[in-house]
>>> print(open('protein11.txt').read())   # compact mmCIF, C-alpha atoms and all ligand atoms
# COMPACT_ATOMS: atom_id res chain seq x y z
CA MET R 28 20.73 -37.40 21.61
CA THR R 29 18.00 -37.24 19.05
CA MET R 30 18.00 -34.96 16.09
CA THR R 31 14.70 -33.47 15.17
CA THR R 32 14.38 -32.61 11.56
CA ARG R 33 11.68 -30.27 10.58
CA THR R 34 11.12 -29.41 6.98
CA VAL R 35 10.37 -25.77 6.51
CA GLU R 36 8.84 -25.63 3.11
CA LYS R 37 10.22 -22.95 0.84
CA TYR R 38 7.85 -20.62 -0.91
CA GLU R 39 8.67 -21.57 -4.46
CA THR R 40 7.24 -23.10 -7.61
CA THR R 41 5.96 -26.67 -7.28
CA ALA R 42 3.95 -27.03 -10.51
CA THR R 43 4.33 -26.42 -14.22
CA ALA R 44 2.19 -23.97 -16.15
CA GLN R 45 0.72 -27.01 -17.97
CA ARG R 46 -0.26 -28.62 -14.65
CA ILE R 47 -2.17 -25.48 -13.57
CA ALA R 48 -3.77 -25.25 -17.04
CA ASP R 49 -4.82 -28.91 -16.85
CA ARG R 50 -6.42 -28.35 -13.46
CA VAL R 51 -8.39 -25.42 -14.91
CA HIS R 52 -9.51 -27.55 -17.86
CA GLY R 53 -10.64 -30.28 -15.47
CA ALA R 54 -12.70 -27.90 -13.31
CA ARG R 55 -16.46 -27.37 -13.41
CA HIS R 56 -16.51 -24.12 -11.42
CA LEU R 57 -13.34 -22.09 -10.89
CA LEU R 58 -13.23 -19.43 -8.16
CA VAL R 59 -10.56 -16.76 -8.62
CA VAL R 60 -9.47 -14.78 -5.56
CA THR R 61 -6.66 -12.44 -4.58
CA HIS R 62 -5.32 -10.51 -1.59
CA ASP R 63 -7.49 -8.20 0.53
CA ARG R 64 -7.70 -4.57 -0.64
CA PRO R 65 -6.77 -5.55 -4.19
CA ASP R 66 -4.57 -3.28 -6.31
CA GLY R 67 -4.34 -3.04 -10.11
CA ASP R 68 -2.26 -6.21 -10.44
CA ALA R 69 -4.57 -8.20 -8.17
CA ILE R 70 -7.71 -7.14 -10.06
CA GLY R 71 -6.00 -7.49 -13.44
CA SER R 72 -4.83 -11.01 -12.53
CA THR R 73 -8.27 -12.20 -11.41
CA LEU R 74 -9.92 -10.76 -14.53
CA ALA R 75 -7.34 -12.19 -16.95
CA PHE R 76 -7.48 -15.64 -15.37
CA ALA R 77 -11.28 -15.83 -15.15
CA ARG R 78 -11.68 -14.56 -18.72
CA ALA R 79 -9.10 -17.05 -20.02
CA ALA R 80 -10.85 -19.95 -18.23
CA ARG R 81 -14.24 -18.91 -19.63
CA SER R 82 -12.81 -18.73 -23.14
CA ARG R 83 -12.00 -22.45 -22.66
CA GLY R 84 -15.53 -23.23 -21.51
CA VAL R 85 -14.85 -23.32 -17.76
CA HIS R 86 -17.37 -21.55 -15.53
CA ALA R 87 -15.46 -18.96 -13.48
CA THR R 88 -16.38 -16.57 -10.66
CA ILE R 89 -14.25 -13.79 -9.18
CA MET R 90 -14.40 -12.92 -5.49
CA LEU R 91 -12.78 -9.74 -4.14
CA THR R 92 -12.24 -8.69 -0.54
CA GLY R 93 -12.19 -5.26 1.01
CA PRO R 94 -12.18 -1.75 -0.41
CA PHE R 95 -10.23 -0.86 -3.54
CA ASP R 96 -9.60 2.26 -5.58
CA PRO R 97 -12.80 3.23 -7.45
CA SER R 98 -10.82 3.75 -10.68
CA LEU R 99 -10.06 0.00 -10.73
CA ARG R 100 -13.79 -0.71 -11.02
CA THR R 101 -13.61 0.49 -14.61
CA LEU R 102 -11.50 -2.60 -15.43
CA LEU R 103 -14.40 -4.86 -14.48
CA VAL R 104 -16.51 -3.80 -17.50
CA ASP R 105 -19.25 -6.53 -17.53
CA GLU R 106 -17.73 -8.57 -14.72
CA GLN R 107 -19.80 -8.85 -11.55
CA PRO R 108 -17.53 -10.18 -8.84
CA LEU R 109 -18.71 -11.41 -5.48
CA PHE R 110 -17.50 -9.28 -2.59
CA ALA R 111 -16.34 -10.54 0.80
CA PRO R 112 -17.31 -10.05 3.51
CA GLY R 113 -20.94 -9.92 2.58
CA SER R 114 -21.44 -12.70 0.11
CA ASN R 115 -20.28 -16.29 0.48
CA PRO R 116 -18.24 -18.24 -2.05
CA PRO R 117 -20.34 -20.47 -4.34
CA GLU R 118 -20.93 -23.97 -2.91
CA ASP R 119 -20.20 -25.89 -6.12
CA VAL R 120 -16.67 -24.52 -6.60
CA ASP R 121 -14.17 -27.31 -7.31
CA LEU R 122 -11.02 -25.28 -8.09
CA ILE R 123 -9.76 -22.08 -6.45
CA ALA R 124 -6.99 -19.91 -7.90
CA VAL R 125 -5.32 -17.64 -5.34
CA LEU R 126 -3.46 -14.92 -7.25
CA ASP R 127 -0.86 -12.25 -6.37
CA THR R 128 -0.38 -13.49 -2.80
CA GLY R 129 0.65 -16.60 -0.91
CA ALA R 130 0.17 -15.21 2.59
CA TRP R 131 -2.69 -16.10 4.91
CA SER R 132 -2.33 -12.65 6.48
CA GLN R 133 -3.49 -11.12 3.18
CA LEU R 134 -6.50 -13.44 2.92
CA GLU R 135 -8.22 -12.49 6.13
CA HIS R 136 -11.87 -12.87 5.15
CA LEU R 137 -11.56 -15.98 2.98
CA GLY R 138 -8.74 -17.64 4.92
CA SER R 139 -10.77 -20.01 7.07
CA TRP R 140 -12.94 -21.09 4.12
CA LEU R 141 -9.86 -21.66 1.94
CA ARG R 142 -8.17 -23.72 4.67
CA THR R 143 -11.04 -26.22 4.57
CA ARG R 144 -10.51 -26.66 0.81
CA ILE R 145 -6.75 -26.53 0.58
CA ASP R 146 -6.49 -29.36 -1.97
CA GLN R 147 -8.76 -27.40 -4.32
CA CYS R 148 -6.41 -24.38 -4.23
CA VAL R 149 -3.68 -23.45 -6.70
CA GLY R 150 -1.44 -20.40 -6.23
CA VAL R 151 0.17 -17.99 -8.70
CA ASP R 152 2.32 -15.23 -7.28
CA HIS R 153 5.42 -13.04 -7.67
CA HIS R 154 6.11 -12.22 -4.01
CA ARG R 155 9.10 -13.44 -2.08
CA THR R 156 7.32 -14.89 0.94
CA GLY R 157 4.22 -16.93 1.51
CA ASP R 158 2.81 -19.56 3.87
CA THR R 159 -0.36 -20.87 2.21
CA GLY R 160 1.42 -24.06 1.13
CA PHE R 161 -0.86 -25.06 -1.74
CA ALA R 162 0.47 -28.21 -3.40
CA ASP R 163 0.31 -26.72 -6.90
CA ARG R 164 1.76 -23.24 -7.18
CA ILE R 165 3.90 -21.06 -9.38
CA VAL R 166 5.97 -18.39 -7.65
CA ASP R 167 8.14 -16.24 -9.89
CA VAL R 168 9.87 -13.41 -8.04
CA SER R 169 11.59 -12.33 -11.25
CA SER R 170 8.22 -11.27 -12.66
CA ALA R 171 7.22 -7.63 -12.27
CA SER R 172 3.53 -8.46 -11.86
CA CYS R 173 1.36 -11.46 -11.14
CA THR R 174 -0.21 -10.94 -14.57
CA GLN R 175 3.25 -11.62 -16.04
CA VAL R 176 3.42 -14.94 -14.13
CA LEU R 177 0.03 -15.86 -15.61
CA ILE R 178 1.26 -15.62 -19.23
CA PRO R 179 2.67 -19.17 -19.61
CA ILE R 180 -0.37 -20.63 -17.81
CA ILE R 181 -2.84 -18.82 -20.04
CA GLN R 182 -0.81 -19.93 -23.07
CA ALA R 183 -0.81 -23.52 -21.80
CA MET R 184 -4.60 -23.22 -21.63
CA GLY R 185 -4.48 -22.68 -25.38
CA VAL R 186 -5.46 -19.01 -25.27
CA ARG R 187 -3.78 -16.79 -27.88
CA LEU R 188 -2.61 -13.40 -26.64
CA ASP R 189 -1.17 -11.76 -29.73
CA THR R 190 -4.14 -11.75 -32.05
CA PRO R 191 -4.58 -8.17 -33.27
CA GLY R 192 -7.89 -6.64 -32.29
CA THR R 193 -8.34 -8.76 -29.13
CA GLY R 194 -7.03 -6.20 -26.61
CA GLY R 195 -10.01 -3.89 -26.16
CA ALA R 196 -11.98 -2.98 -23.05
CA GLY R 197 -12.86 -6.08 -21.03
CA SER R 198 -10.26 -8.29 -22.72
CA ILE R 199 -7.73 -10.73 -21.29
CA ALA R 200 -4.89 -8.65 -22.80
CA GLU R 201 -6.15 -5.44 -21.20
CA ALA R 202 -6.36 -7.06 -17.76
CA LEU R 203 -2.82 -8.45 -18.14
CA PHE R 204 -1.53 -5.04 -19.21
CA ALA R 205 -3.27 -3.26 -16.30
CA GLY R 206 -1.41 -5.46 -13.80
CA LEU R 207 1.90 -5.05 -15.59
CA ALA R 208 1.57 -1.25 -15.86
CA THR R 209 0.38 -0.55 -12.32
CA ASP R 210 2.88 -2.87 -10.57
CA THR R 211 5.80 -1.24 -12.44
CA GLY R 212 4.65 2.37 -11.86
CA TRP R 213 3.78 2.52 -15.54
CA PHE R 214 7.12 0.98 -16.55
CA ARG R 215 9.33 3.29 -14.44
CA PHE R 216 10.44 0.92 -11.62
CA SER R 217 13.59 -1.18 -11.93
CA SER R 218 11.34 -4.25 -12.21
CA ALA R 219 10.38 -3.00 -15.70
CA ASP R 220 13.06 -4.97 -17.54
CA ALA R 221 13.36 -6.12 -21.14
CA ALA R 222 10.91 -9.01 -20.59
CA VAL R 223 8.31 -6.56 -19.25
CA PHE R 224 8.66 -4.26 -22.25
CA SER R 225 8.50 -7.19 -24.62
CA LEU R 226 5.29 -8.45 -22.99
CA ALA R 227 3.85 -4.91 -23.05
CA SER R 228 4.69 -4.76 -26.74
CA ARG R 229 2.79 -8.01 -27.42
CA LEU R 230 -0.24 -6.79 -25.49
CA ILE R 231 -0.27 -3.42 -27.25
CA GLY R 232 0.07 -5.35 -30.51
CA ALA R 233 -3.12 -7.20 -29.53
CA GLY R 234 -4.85 -3.83 -29.30
CA VAL R 235 -4.52 -2.72 -25.65
CA GLN R 236 -5.16 1.01 -25.55
CA LYS R 237 -2.60 2.23 -23.04
CA ASP R 238 -3.49 5.92 -23.28
CA ARG R 239 -7.13 5.27 -22.48
CA LEU R 240 -6.15 2.89 -19.69
CA TYR R 241 -3.75 5.43 -18.17
CA ARG R 242 -6.47 8.06 -18.13
CA GLN R 243 -8.98 5.55 -16.73
CA LEU R 244 -6.71 4.35 -13.92
CA GLU R 245 -4.49 7.33 -13.08
CA GLU R 246 -6.32 10.52 -13.99
CA THR R 247 -9.50 10.17 -12.01
CA ALA R 248 -8.89 12.12 -8.79
CA ARG R 249 -11.51 14.43 -7.35
CA PRO R 250 -11.02 18.22 -7.56
CA GLN R 251 -10.47 18.22 -3.79
CA ARG R 252 -6.97 16.88 -4.45
CA MET R 253 -6.01 20.18 -6.07
CA GLY R 254 -7.26 22.12 -3.03
CA LEU R 255 -5.14 19.97 -0.70
CA LEU R 256 -2.14 20.18 -3.03
CA ALA R 257 -2.41 24.00 -3.18
CA ARG R 258 -2.49 24.18 0.61
CA ALA R 259 0.39 21.73 1.02
CA LEU R 260 2.54 23.67 -1.45
CA GLY R 261 1.47 26.96 0.12
CA ASN R 262 3.04 26.06 3.45
CA MET R 263 5.96 23.97 2.14
CA LYS R 264 9.28 24.54 3.92
CA TRP R 265 12.69 23.76 2.49
CA VAL R 266 14.99 22.02 4.96
CA ALA R 267 18.55 20.64 4.76
CA ASN R 268 19.61 23.38 2.32
CA GLY R 269 16.69 22.73 0.01
CA ARG R 270 17.42 19.03 -0.32
CA ALA R 271 14.21 18.14 1.46
CA ALA R 272 10.69 19.58 1.47
CA VAL R 273 8.28 19.41 4.40
CA MET R 274 4.57 20.03 3.81
CA ILE R 275 1.83 20.19 6.42
CA LEU R 276 -1.92 19.62 6.15
CA SER R 277 -3.98 20.36 9.25
CA PRO R 278 -7.66 19.60 9.94
CA GLU R 279 -8.43 23.16 8.80
CA ASP R 280 -6.88 22.45 5.38
CA PHE R 281 -9.07 19.37 4.98
CA THR R 282 -12.22 21.25 6.02
CA GLN R 283 -11.59 24.25 3.78
CA SER R 284 -10.79 22.11 0.72
CA SER R 285 -13.59 19.58 1.49
CA GLY R 286 -10.90 16.95 1.07
CA SER R 287 -10.40 13.61 2.82
CA ALA R 288 -7.49 11.25 3.38
CA GLU R 289 -8.30 9.51 0.06
CA ASP R 290 -7.67 12.77 -1.82
CA LEU R 291 -4.05 12.82 -0.62
CA ALA R 292 -2.73 10.27 -3.12
CA GLY R 293 0.27 11.72 -4.94
CA VAL R 294 0.41 15.02 -3.03
CA VAL R 295 3.66 14.01 -1.31
CA ASN R 296 5.31 13.51 -4.71
CA ALA R 297 4.93 17.10 -5.96
CA PRO R 298 8.31 18.43 -4.65
CA MET R 299 10.14 15.46 -6.19
CA THR R 300 10.18 17.19 -9.58
CA ILE R 301 12.69 19.75 -8.20
CA GLY R 302 16.28 18.87 -9.06
CA GLN R 303 17.94 19.33 -5.70
CA VAL R 304 15.20 17.56 -3.72
CA GLU R 305 16.19 14.17 -2.29
CA VAL R 306 13.31 13.71 0.17
CA SER R 307 9.74 14.91 0.43
CA ALA R 308 7.73 14.70 3.65
CA LEU R 309 4.01 15.29 4.08
CA LEU R 310 2.61 15.64 7.61
CA SER R 311 -1.15 15.33 7.66
CA LEU R 312 -3.88 15.38 10.26
CA ASN R 313 -7.30 15.12 8.65
CA GLU R 314 -9.33 15.49 11.83
CA PRO R 315 -8.39 16.93 15.24
CA GLY R 316 -6.50 14.34 17.27
CA PRO R 317 -3.08 13.42 18.57
CA THR R 318 -1.88 11.22 15.67
CA ILE R 319 -0.16 12.88 12.72
CA LYS R 320 0.52 10.84 9.60
CA PHE R 321 3.98 11.06 8.03
CA SER R 322 4.40 10.23 4.34
CA LEU R 323 7.97 10.09 3.10
CA ARG R 324 9.40 9.77 -0.41
CA SER R 325 12.99 9.75 -1.67
CA LYS R 326 14.66 9.57 -5.06
CA PRO R 327 16.91 6.77 -6.27
CA PRO R 328 20.60 7.79 -6.63
CA ALA R 329 21.43 10.24 -9.42
CA ILE R 330 24.31 7.98 -10.47
CA ALA R 331 24.53 4.19 -10.04
CA GLY R 332 25.73 3.42 -6.52
CA GLY R 333 25.41 7.07 -5.49
CA PHE R 334 23.87 8.74 -2.45
CA PHE R 335 20.19 8.38 -1.59
CA VAL R 336 18.07 8.53 1.54
CA ASP R 337 16.49 5.31 2.79
CA VAL R 338 13.12 6.63 3.98
CA ASN R 339 12.23 3.21 5.37
CA ARG R 340 14.99 3.76 7.96
CA LEU R 341 13.83 7.31 8.53
CA ALA R 342 10.29 6.03 9.14
CA ASN R 343 11.69 3.36 11.50
CA GLU R 344 12.91 6.18 13.78
CA PHE R 345 9.24 7.09 14.26
CA GLY R 346 8.00 3.52 14.61
CA GLY R 347 6.87 3.26 10.97
CA GLY R 348 8.30 1.69 7.83
CA GLY R 349 7.71 0.79 4.21
CA HIS R 350 10.12 0.72 1.31
CA VAL R 351 13.48 2.38 0.60
CA HIS R 352 11.91 5.18 -1.47
CA ALA R 353 8.37 5.28 -0.02
CA ALA R 354 7.51 4.93 3.64
CA GLY R 355 5.25 6.25 6.36
CA ALA R 356 4.85 6.57 10.11
CA LYS R 357 2.49 7.87 12.76
CA PHE R 358 3.55 10.59 15.19
CA LYS R 359 1.86 11.35 18.51
CA GLY R 360 2.07 15.03 19.41
CA THR R 361 1.30 18.48 18.09
CA MET R 362 1.92 19.52 14.48
CA ALA R 363 4.71 21.85 15.68
CA GLU R 364 6.41 18.95 17.46
CA ALA R 365 5.97 16.69 14.43
CA SER R 366 7.43 19.31 12.12
CA ALA R 367 10.42 19.93 14.41
CA ALA R 368 11.07 16.18 14.75
CA ILE R 369 10.98 15.44 11.02
CA THR R 370 13.09 18.52 10.23
CA LYS R 371 15.76 17.34 12.67
CA ALA R 372 15.70 13.81 11.24
CA LEU R 373 15.96 15.13 7.66
CA GLU R 374 18.89 17.39 8.53
CA ARG R 375 20.65 14.38 10.02
CA ALA R 376 19.90 12.24 6.95
CA LEU R 377 21.08 14.99 4.57
CA PRO R 378 24.29 16.39 6.16
MN MN W 1 1.44 -7.78 -7.75
>>> encode(input="protein11.txt", output="structure tokens")
Amino acid sequence: MTMTTRTVEKYETTATAQRIADRVHGARHLLVVTHDRPDGDAIGSTLAFARAARSRGVHATIMLTGPFDPSLRTLLVDEQPLFAPGSNPPEDVDLIAVLDTGAWSQLEHLGSWLRTRIDQCVGVDHHRTGDTGFADRIVDVSSASCTQVLIPIIQAMGVRLDTPGTGGAGSIAEALFAGLATDTGWFRFSSADAAVFSLASRLIGAGVQKDRLYRQLEETARPQRMGLLARALGNMKWVANGRAAVMILSPEDFTQSSGSAEDLAGVVNAPMTIGQVEVSALLSLNEPGPTIKFSLRSKPPAIAGGFFVDVNRLANEFGGGGHVHAAGAKFKGTMAEASAAITKALERALP
């Protein structure tokens, strides 16, 4: 009998911060990329890393893939990234930093190009799983954001982060802070631990203007959001003795408020401010059709170890999923059927 041994490589750190810094110093043209549909941490990470490399005299280009929230554009300031698909990566690139992901599935448009240059790639990430297998990578799942993982690398590059007056618009510190703030829900999530606050303190000490950044990133919705919110609250139903709220938005609501699916961000959260509410559900259908979108939110327990509703499991019942406190699903049927089905599921989850 023969034993076949197959090494399944773990997704973990293989390089030191100094090793990554040395590779940056040895590069002529660094390309910085991140996952498709980049969020605040992805954009913040690419900006911080490219700006740090440039401050050490290394030519750096950022390439972003897919749509992203228009408010994040304000972080770019003078930066002019390349966008994929559409433009091609520069030919003379000799080092590629892949940030905030280690999964080929999140690198759809650049994946095949990156695969041909795998020995030029380094990875920096804070996610638990990945399959890109770059030889030099730093994976720190204890970090709240990828920008936090970048700190020791940027320091090893010889870049100072604490100098007062260096944290303004378009700075390395601002980009690092943007990733840290957005990935921790502005320091509310459990990932916002003492190390996160201490890093935030350093960055604010460098001059990062958190109030301006908050306004720039979080208070930029279109007026249409208020119209949709008013309609959602107007038809809200309490279920399970007021411990859950169900809101409905039909195609008519979207037409009359001139709103679109993008204007929905945050609407599902409105009932969560009510003390007795454990779960909020928003059922939306932005144009006539058979597929209704469920958005579900729940609160963490009121006391450590106490009761809470796992909305990921609730969403699973409808073929969807997500996280414990934020999930979604798609429902085929009429709005009345959708409303009856979610009401029944909520009453079961909140006996
Ligand atoms: Mn992240």
>>> residues_around(input="protein11.txt", residues="Ala308 of chain R", least_positions_apart="2", cutoff="8 Å", atoms="all atoms listed in the file", output="PyMOL selection string")
chain R and resi 271-274+295+306+310+321-324
>>> residues_near_ligand(input="protein11.txt", ligand="ligand MN 1 (chain W)", cutoff="8 Å", atoms="all atoms listed in the file", output="PyMOL selection string")
chain R and resi 66-69+127-128+152-154+171-174+206+210
>>> residues_near_point(input="protein11.txt", point="(-6.4, -17.7, 7.0)", cutoff="12 Å", atoms="all atoms listed in the file", output="number ranges by chain")
R: 62-63, 129-145, 157-160
>>> closest_residue(input="protein11.txt", among="R:Gln175, R:Ser114, R:Gln182, R:Asn268", to="Phe224 of chain R", atoms="only C-alpha atoms")
R:Gln175
>>> residues_around(input="protein11.txt", residues="segment 334-349 of chain R", least_positions_apart="4", cutoff="9 Å", atoms="only C-alpha atoms", output="ChimeraX atom specification")
/R:305-306,321-330,353-358,369,372-373,376-377
>>> closest_residue(input="protein11.txt", among="R:Leu99, R:Ala80, R:Val176, R:Val186", to="Ala222 of chain R", atoms="all atoms listed in the file")
R:Val176
>>> closest_residue(input="protein11.txt", among="R:Gln236, R:Ser198, R:Ser311, R:Ser228", to="Arg78 of chain R", atoms="only C-alpha atoms")
R:Ser198
>>> closest_residue(input="protein11.txt", among="R:Gly332, R:Pro117, R:Gly360, R:Gly234", to="Thr190 of chain R", atoms="all atoms listed in the file")
R:Gly234
>>> atom_distance(input="protein11.txt", atom1="atom CA of Leu240 of chain R", atom2="atom CA of Ile199 of chain R")
13.8 Å
>>> residues_around(input="protein11.txt", residues="Thr370 of chain R", least_positions_apart="3", cutoff="9 Å", atoms="all atoms listed in the file", output="PyMOL selection string")
chain R and resi 266-267+271+273+365-367+373-375
>>> closest_residue(input="protein11.txt", among="R:Ala248, R:Val60, R:Ala87, R:Ile319", to="Glu106 of chain R", atoms="only C-alpha atoms")
R:Ala87
